[in-house]
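Student: Handing you a structure now.
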Amino acid sequence: MSHSLITRVGAVFMALGVAAAAYGAHGLEKVVADPHLVEVWGTGARLHLFHGLGLLVLGRMAAPPRATAPLLALGILLFSGSLYTMALTNLRWLGAITPLGPARLARSGGWGGGRPLIHRLDWGRMTAPHSEDPC
């Protein structure tokens with residue numbers, strides 16, 4: 001995956017995470033009566049945002065670990081997606097399987113891929129572009 005694609009995917013996931021969090025805070029109570037399920041939705045949205053931020057950071061790395069971005073994206077879809085589904089459908093058995101199997105693999109593989117992120121950031125790419133014209 002290219003840097004720009006990882007950054008774009010991260011931005012899309014962040015926007016969707018903000019929308020999910022806003023819906024959970026302002027509209028979900030009209031659809032879901034159980035406060036526990038509203039909390040489950042909030043957990044999904046919070047982790048959705050954290051992993052979207054991870055994708056944005058990966059997009060700015062000089063050499064991101066090869067499989068990390070797809071694994072983080074898969075983790076968002078499987079982990080947060082199962083929590084969103086559980087909150088909307090009251091299929092509570094999804095809560096038991098959410099941290100297992102491919103979702104767990106995607107999340108731990110995504111965050112655990114390679115050396116610590118801070119050592120791999122391309123700090124030069126993170127600065128604002130310089131303009132030759134001061135006006």
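By convention here, the chains of the structure tokens are called A, B, ... in the order presented, each chain's residues are numbered starting at 1, and ligands are numbered starting at 1 in the order presented.
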Applying 9 Å and only C-alpha atoms, which residues near Ala69 (chain A) remain after dropping the ones on its own chain fewer than 5 positions away? List them as a list in words.
Tutor: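 Listed by chain and then number, they are Met1, Ile6, Gly10, Gly54, Leu55, Leu58, Gly59, Pro64, Leu74 and Gly110 of chain A.
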Student: Can you work out the spacing between CA of Arg8 (chain A) and CA of Thr85 (chain A) in Å, to one decimal?
Tutor: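 Taking CA of Arg8 (chain A) and CA of Thr85 (chain A), their separation equals 25.0 Å.
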Student: From the set A:Leu56, A:Ala87, A:Ala21, A:Leu72, which residue has the shortest atom-to-atom contact distance to Leu5 (chain A), counting only C-alpha atoms?
Tutor: A:Leu56
